Amino acid sequence: MDFNEGTFIYINKPYRMSSFGALAHIRYLVSKKLRVRRVKMGHAGTLDPLATGVLILCTGKATKQIERLQLHDKEYTATLQLGATTPSFDREHTVDMTYPTRHITRELVEGVLAGFVGEIQQVPPVYSAVMVKGDRAYELARRGTAVELQAKTVRIDELELTAFDPATMQMSIRVVCGKGTYIRSLARDIGYALGSGAFLTALCRTRLGSVRIEDCHTFDSFPQWLDEHCGKAT
């Protein structure tokens with residue numbers, strides 16, 4: 001396998017690690033194995049630190065394929081907590097507002113979800129990597145600077161309710177969507193549409209294009225794969 005000529009590495013990104021952090025770890029292992037200072041490597045489709053799942057790493061000349069790969073549709077599974085919101089729309093921040101939930105039923109949830117399928121307008125999270133006049137939105141937000149992001153058109157191809165617990169007011173969904181869709185924003189908007197609030201408690205990207213999570217290496221399994229394709233280190 002020629003990592004400089006270009007290849008693809010499929011990683012199941014760990015929880016609480018940035019996509020760049022995952023890339024840096026794998027790049028270190030590959031560079032060390034090849035006994036080079038630094039293998040050229042990039043990733044297609046950023047995952048939030050609190051998300052897990054499919055992260056495609058491209059090496060060498062294959063980094064030219066990153067833009068094309070990011071255009072592919074993606075599939076996620078997500079768990080939402082209803083009745084509350086956080087500034088980041090996930091568990092990175094603590095709850096800032098609570099809302100009523102007594103009126104929420106499975107039938108109401110299913111009806112609301114149907115309204116999100118197709119092309120929709122979506123405002124990205126303030127705590128995101130969206131550029132605002134040369135700065136990342138999350139950098140401005142963490143400095144206490146007011147950030148107002150514009151809505152953009154995104155595409156939801158499938159949105160399925162896979163679980164709903166009226167006792168805990170937690171629900172799980174499966175989402176198939178196009179480029180640029182923020183599942184955290186989707187959670188926020190679902191909460192509002194239900195006449196309540198919602199934030200993500202778990203998120204996993206289960207597919208990017210044709211690459212499924214079953215195709216991915218974990219950090220634990222990757223060294224063995226690297227040995228098999230590059231030979232044992234001496």
# chains A, B, ... in the order shown; residues from 1 in each chain; ligands from 1

call {"tool": "residues_around", "arguments": {"residues": "Met171 in chain A", "least_positions_apart": "3", "cutoff": "12 Å", "atoms": "only C-alpha atoms", "output": "ChimeraX atom specification"}}
result
/A:77-83,104-106,109-110,113,160-168,174,187,190-191,198-202

call {"tool": "write_last_selection", "arguments": {"atoms": "C-alpha atoms", "output": "tab-separated table (two decimals), in the first residue's frame"}}
result
chain	number	residue	atom	x	y	z
A	77	THR	CA	-28.20	7.86	14.35
A	78	ALA	CA	-28.95	10.35	17.11
A	79	THR	CA	-30.56	10.52	20.54
A	80	LEU	CA	-32.38	13.68	21.61
A	81	GLN	CA	-33.42	14.84	25.05
A	82	LEU	CA	-36.70	16.73	24.83
A	83	GLY	CA	-37.77	19.52	27.15
A	104	ILE	CA	-45.61	15.41	23.45
A	105	THR	CA	-46.72	12.01	22.16
A	106	ARG	CA	-45.19	9.56	19.72
A	109	VAL	CA	-43.22	13.41	17.10
A	110	GLU	CA	-43.80	11.35	13.96
A	113	LEU	CA	-40.47	14.64	11.73
A	160	GLU	CA	-37.06	7.96	10.91
A	161	LEU	CA	-38.11	7.77	14.56
A	162	THR	CA	-36.47	4.62	15.93
A	163	ALA	CA	-37.36	5.01	19.63
A	164	PHE	CA	-39.46	7.23	21.90
A	165	ASP	CA	-39.65	7.02	25.69
A	166	PRO	CA	-42.46	9.17	27.14
A	167	ALA	CA	-41.15	8.64	30.67
A	168	THR	CA	-37.71	10.15	30.06
A	174	ARG	CA	-32.04	7.83	11.93
A	187	ALA	CA	-32.38	18.51	17.05
A	190	ILE	CA	-37.36	19.42	16.11
A	191	GLY	CA	-37.66	20.60	19.71
A	198	ALA	CA	-34.34	19.49	22.46
A	199	PHE	CA	-30.62	18.82	22.41
A	200	LEU	CA	-28.42	15.93	21.33
A	201	THR	CA	-27.21	13.41	23.89
A	202	ALA	CA	-25.60	11.03	21.36

call {"tool": "atom_distance", "arguments": {"atom1": "CA of Thr86 in chain A", "atom2": "CA of Ala146 in chain A"}}
result
16.1 Å

call {"tool": "closest_residue", "arguments": {"among": "A:Thr206, A:Thr181, A:Ser172, A:Gln70", "to": "Ala51 in chain A", "atoms": "only C-alpha atoms"}}
result
A:Thr206

call {"tool": "select_by_dssp", "arguments": {"residues": "range 36-199 of chain A", "states": "strand (DSSP E or B)", "output": "PyMOL selection string"}}
result
chain A and resi 41-44+52-59+74-82+84-85+97-98+118-122+131-132+135-136+152-165+170-177+198-199

call {"tool": "residues_around", "arguments": {"residues": "Val147 in chain A", "least_positions_apart": "2", "cutoff": "8 Å", "atoms": "only C-alpha atoms", "output": "PDB file with C-alpha atoms, in the first residue's frame"}}
result
ATOM      1  CA  VAL A 126     -23.284  29.132  16.925  1.00  0.00           C
ATOM      2  CA  ALA A 137     -18.175  30.892  14.833  1.00  0.00           C
ATOM      3  CA  LEU A 140     -16.319  34.070  18.586  1.00  0.00           C
ATOM      4  CA  ALA A 141     -18.960  32.397  20.767  1.00  0.00           C
ATOM      5  CA  THR A 145     -18.982  37.784  20.913  1.00  0.00           C
ATOM      6  CA  LEU A 149     -25.555  33.033  11.383  1.00  0.00           C
TER       7      LEU A 149
END

call {"tool": "closest_residue", "arguments": {"among": "A:Ser128, A:Thr7, A:Thr46, A:Ser31", "to": "Leu208 in chain A", "atoms": "only C-alpha atoms"}}
result
A:Thr46

call {"tool": "closest_atom_pairs", "arguments": {"of": "range 66-129 of chain A", "to": "range 211-216 of chain A", "cutoff": "12 Å", "atoms": "only C-alpha atoms", "output": "Markdown table"}}
result
| residue | atom | partner | partner_atom | distance |
| --- | --- | --- | --- | --- |
| A:Leu69 | CA | A:Val211 | CA | 10.4 |
| A:His72 | CA | A:Val211 | CA | 10.1 |
| A:Asp73 | CA | A:Val211 | CA | 10.5 |
| A:Lys74 | CA | A:Val211 | CA | 9.4 |
| A:Glu75 | CA | A:Arg212 | CA | 9.0 |
| A:Tyr76 | CA | A:Ile213 | CA | 10.3 |
| A:Thr77 | CA | A:Ile213 | CA | 11.4 |

call {"tool": "atom_distance", "arguments": {"atom1": "CA of Gly118 in chain A", "atom2": "CA of Cys177 in chain A"}}
result
9.1 Å

call {"tool": "select_by_dssp", "arguments": {"residues": "range 51-190 of chain A", "states": "alpha helix (DSSP H)", "output": "count of residues only"}}
result
28

call {"tool": "decode", "arguments": {"residues": "range 72-87 of chain A", "atoms": "all heavy atoms", "output": "short mmCIF file (atom, residue, chain, number, x, y, z; two decimals), in the first residue's frame"}}
result
data_model
loop_
_atom_site.label_atom_id
_atom_site.label_comp_id
_atom_site.auth_asym_id
_atom_site.auth_seq_id
_atom_site.Cartn_x
_atom_site.Cartn_y
_atom_site.Cartn_z
N HIS A 72 -20.97 13.44 -0.84
CA HIS A 72 -21.77 12.22 -0.70
C HIS A 72 -22.78 12.36 0.44
O HIS A 72 -22.57 13.11 1.40
CB HIS A 72 -20.86 11.03 -0.42
CG HIS A 72 -20.02 10.64 -1.60
ND1 HIS A 72 -19.04 9.67 -1.54
CD2 HIS A 72 -20.01 11.08 -2.88
CE1 HIS A 72 -18.47 9.53 -2.72
NE2 HIS A 72 -19.04 10.38 -3.55
N ASP A 73 -23.89 11.62 0.33
CA ASP A 73 -24.88 11.66 1.41
C ASP A 73 -24.34 10.94 2.63
O ASP A 73 -23.41 10.14 2.56
CB ASP A 73 -26.21 11.05 0.95
CG ASP A 73 -26.12 9.57 0.65
OD1 ASP A 73 -25.01 9.09 0.33
OD2 ASP A 73 -27.15 8.87 0.73
N LYS A 74 -24.93 11.26 3.78
CA LYS A 74 -24.47 10.74 5.06
C LYS A 74 -25.66 10.19 5.84
O LYS A 74 -26.78 10.67 5.69
CB LYS A 74 -23.78 11.84 5.87
CG LYS A 74 -22.61 12.50 5.14
CD LYS A 74 -22.14 13.75 5.85
CE LYS A 74 -21.01 14.44 5.10
NZ LYS A 74 -21.45 15.00 3.80
N GLU A 75 -25.39 9.20 6.68
CA GLU A 75 -26.41 8.64 7.54
C GLU A 75 -25.96 8.75 8.99
O GLU A 75 -24.79 8.48 9.30
CB GLU A 75 -26.69 7.18 7.18
CG GLU A 75 -27.78 6.53 8.03
CD GLU A 75 -28.02 5.09 7.64
OE1 GLU A 75 -27.19 4.23 8.00
OE2 GLU A 75 -29.03 4.82 6.97
N TYR A 76 -26.87 9.14 9.86
CA TYR A 76 -26.58 9.30 11.28
C TYR A 76 -27.64 8.61 12.12
O TYR A 76 -28.80 8.49 11.71
CB TYR A 76 -26.58 10.78 11.68
CG TYR A 76 -25.54 11.63 11.03
CD1 TYR A 76 -25.78 12.25 9.80
CD2 TYR A 76 -24.31 11.86 11.64
CE1 TYR A 76 -24.83 13.06 9.20
CE2 TYR A 76 -23.35 12.67 11.05
CZ TYR A 76 -23.62 13.27 9.83
OH TYR A 76 -22.68 14.07 9.24
N THR A 77 -27.24 8.19 13.31
CA THR A 77 -28.20 7.86 14.35
C THR A 77 -27.97 8.86 15.48
O THR A 77 -26.82 9.22 15.78
CB THR A 77 -28.03 6.43 14.88
OG1 THR A 77 -26.69 6.25 15.38
CG2 THR A 77 -28.30 5.41 13.77
N ALA A 78 -29.06 9.32 16.09
CA ALA A 78 -28.95 10.35 17.11
C ALA A 78 -29.99 10.13 18.19
O ALA A 78 -31.07 9.61 17.94
CB ALA A 78 -29.14 11.73 16.49
N THR A 79 -29.64 10.53 19.41
CA THR A 79 -30.56 10.52 20.54
C THR A 79 -30.77 11.95 21.01
O THR A 79 -29.79 12.70 21.17
CB THR A 79 -30.03 9.65 21.69
OG1 THR A 79 -29.82 8.32 21.22
CG2 THR A 79 -31.03 9.61 22.84
N LEU A 80 -32.02 12.33 21.20
CA LEU A 80 -32.38 13.68 21.61
C LEU A 80 -33.04 13.64 22.98
O LEU A 80 -33.86 12.76 23.27
CB LEU A 80 -33.37 14.32 20.63
CG LEU A 80 -32.87 14.81 19.27
CD1 LEU A 80 -32.38 13.66 18.39
CD2 LEU A 80 -34.00 15.56 18.56
N GLN A 81 -32.71 14.61 23.80
CA GLN A 81 -33.42 14.84 25.05
C GLN A 81 -34.41 15.98 24.83
O GLN A 81 -34.00 17.10 24.48
CB GLN A 81 -32.45 15.21 26.18
CG GLN A 81 -33.14 15.54 27.50
CD GLN A 81 -33.89 14.34 28.07
OE1 GLN A 81 -33.31 13.29 28.30
NE2 GLN A 81 -35.20 14.51 28.27
N LEU A 82 -35.67 15.71 25.01
CA LEU A 82 -36.70 16.73 24.83
C LEU A 82 -36.91 17.50 26.13
O LEU A 82 -36.63 17.02 27.22
CB LEU A 82 -38.01 16.10 24.38
CG LEU A 82 -37.95 15.25 23.09
CD1 LEU A 82 -39.31 14.63 22.80
CD2 LEU A 82 -37.46 16.08 21.92
N GLY A 83 -37.43 18.72 25.98
CA GLY A 83 -37.77 19.52 27.15
C GLY A 83 -36.70 20.45 27.65
O GLY A 83 -36.87 21.09 28.70
N ALA A 84 -35.58 20.55 26.94
CA ALA A 84 -34.49 21.42 27.38
C ALA A 84 -33.61 21.77 26.19
O ALA A 84 -33.63 21.10 25.16
CB ALA A 84 -33.66 20.75 28.47
N THR A 85 -32.83 22.84 26.34
CA THR A 85 -31.86 23.23 25.33
C THR A 85 -30.53 23.53 25.99
O THR A 85 -30.46 23.78 27.20
CB THR A 85 -32.32 24.49 24.55
OG1 THR A 85 -32.56 25.55 25.49
CG2 THR A 85 -33.58 24.22 23.76
N THR A 86 -29.48 23.51 25.18
CA THR A 86 -28.15 23.97 25.60
C THR A 86 -27.62 24.92 24.54
O THR A 86 -28.06 24.87 23.38
CB THR A 86 -27.16 22.80 25.78
OG1 THR A 86 -26.77 22.31 24.48
CG2 THR A 86 -27.77 21.66 26.60
N PRO A 87 -26.67 25.80 24.87
CA PRO A 87 -26.15 26.76 23.88
C PRO A 87 -25.54 26.09 22.65
O PRO A 87 -25.57 26.66 21.56
CB PRO A 87 -25.10 27.54 24.68
CG PRO A 87 -25.55 27.44 26.10
CD PRO A 87 -26.13 26.06 26.22
#
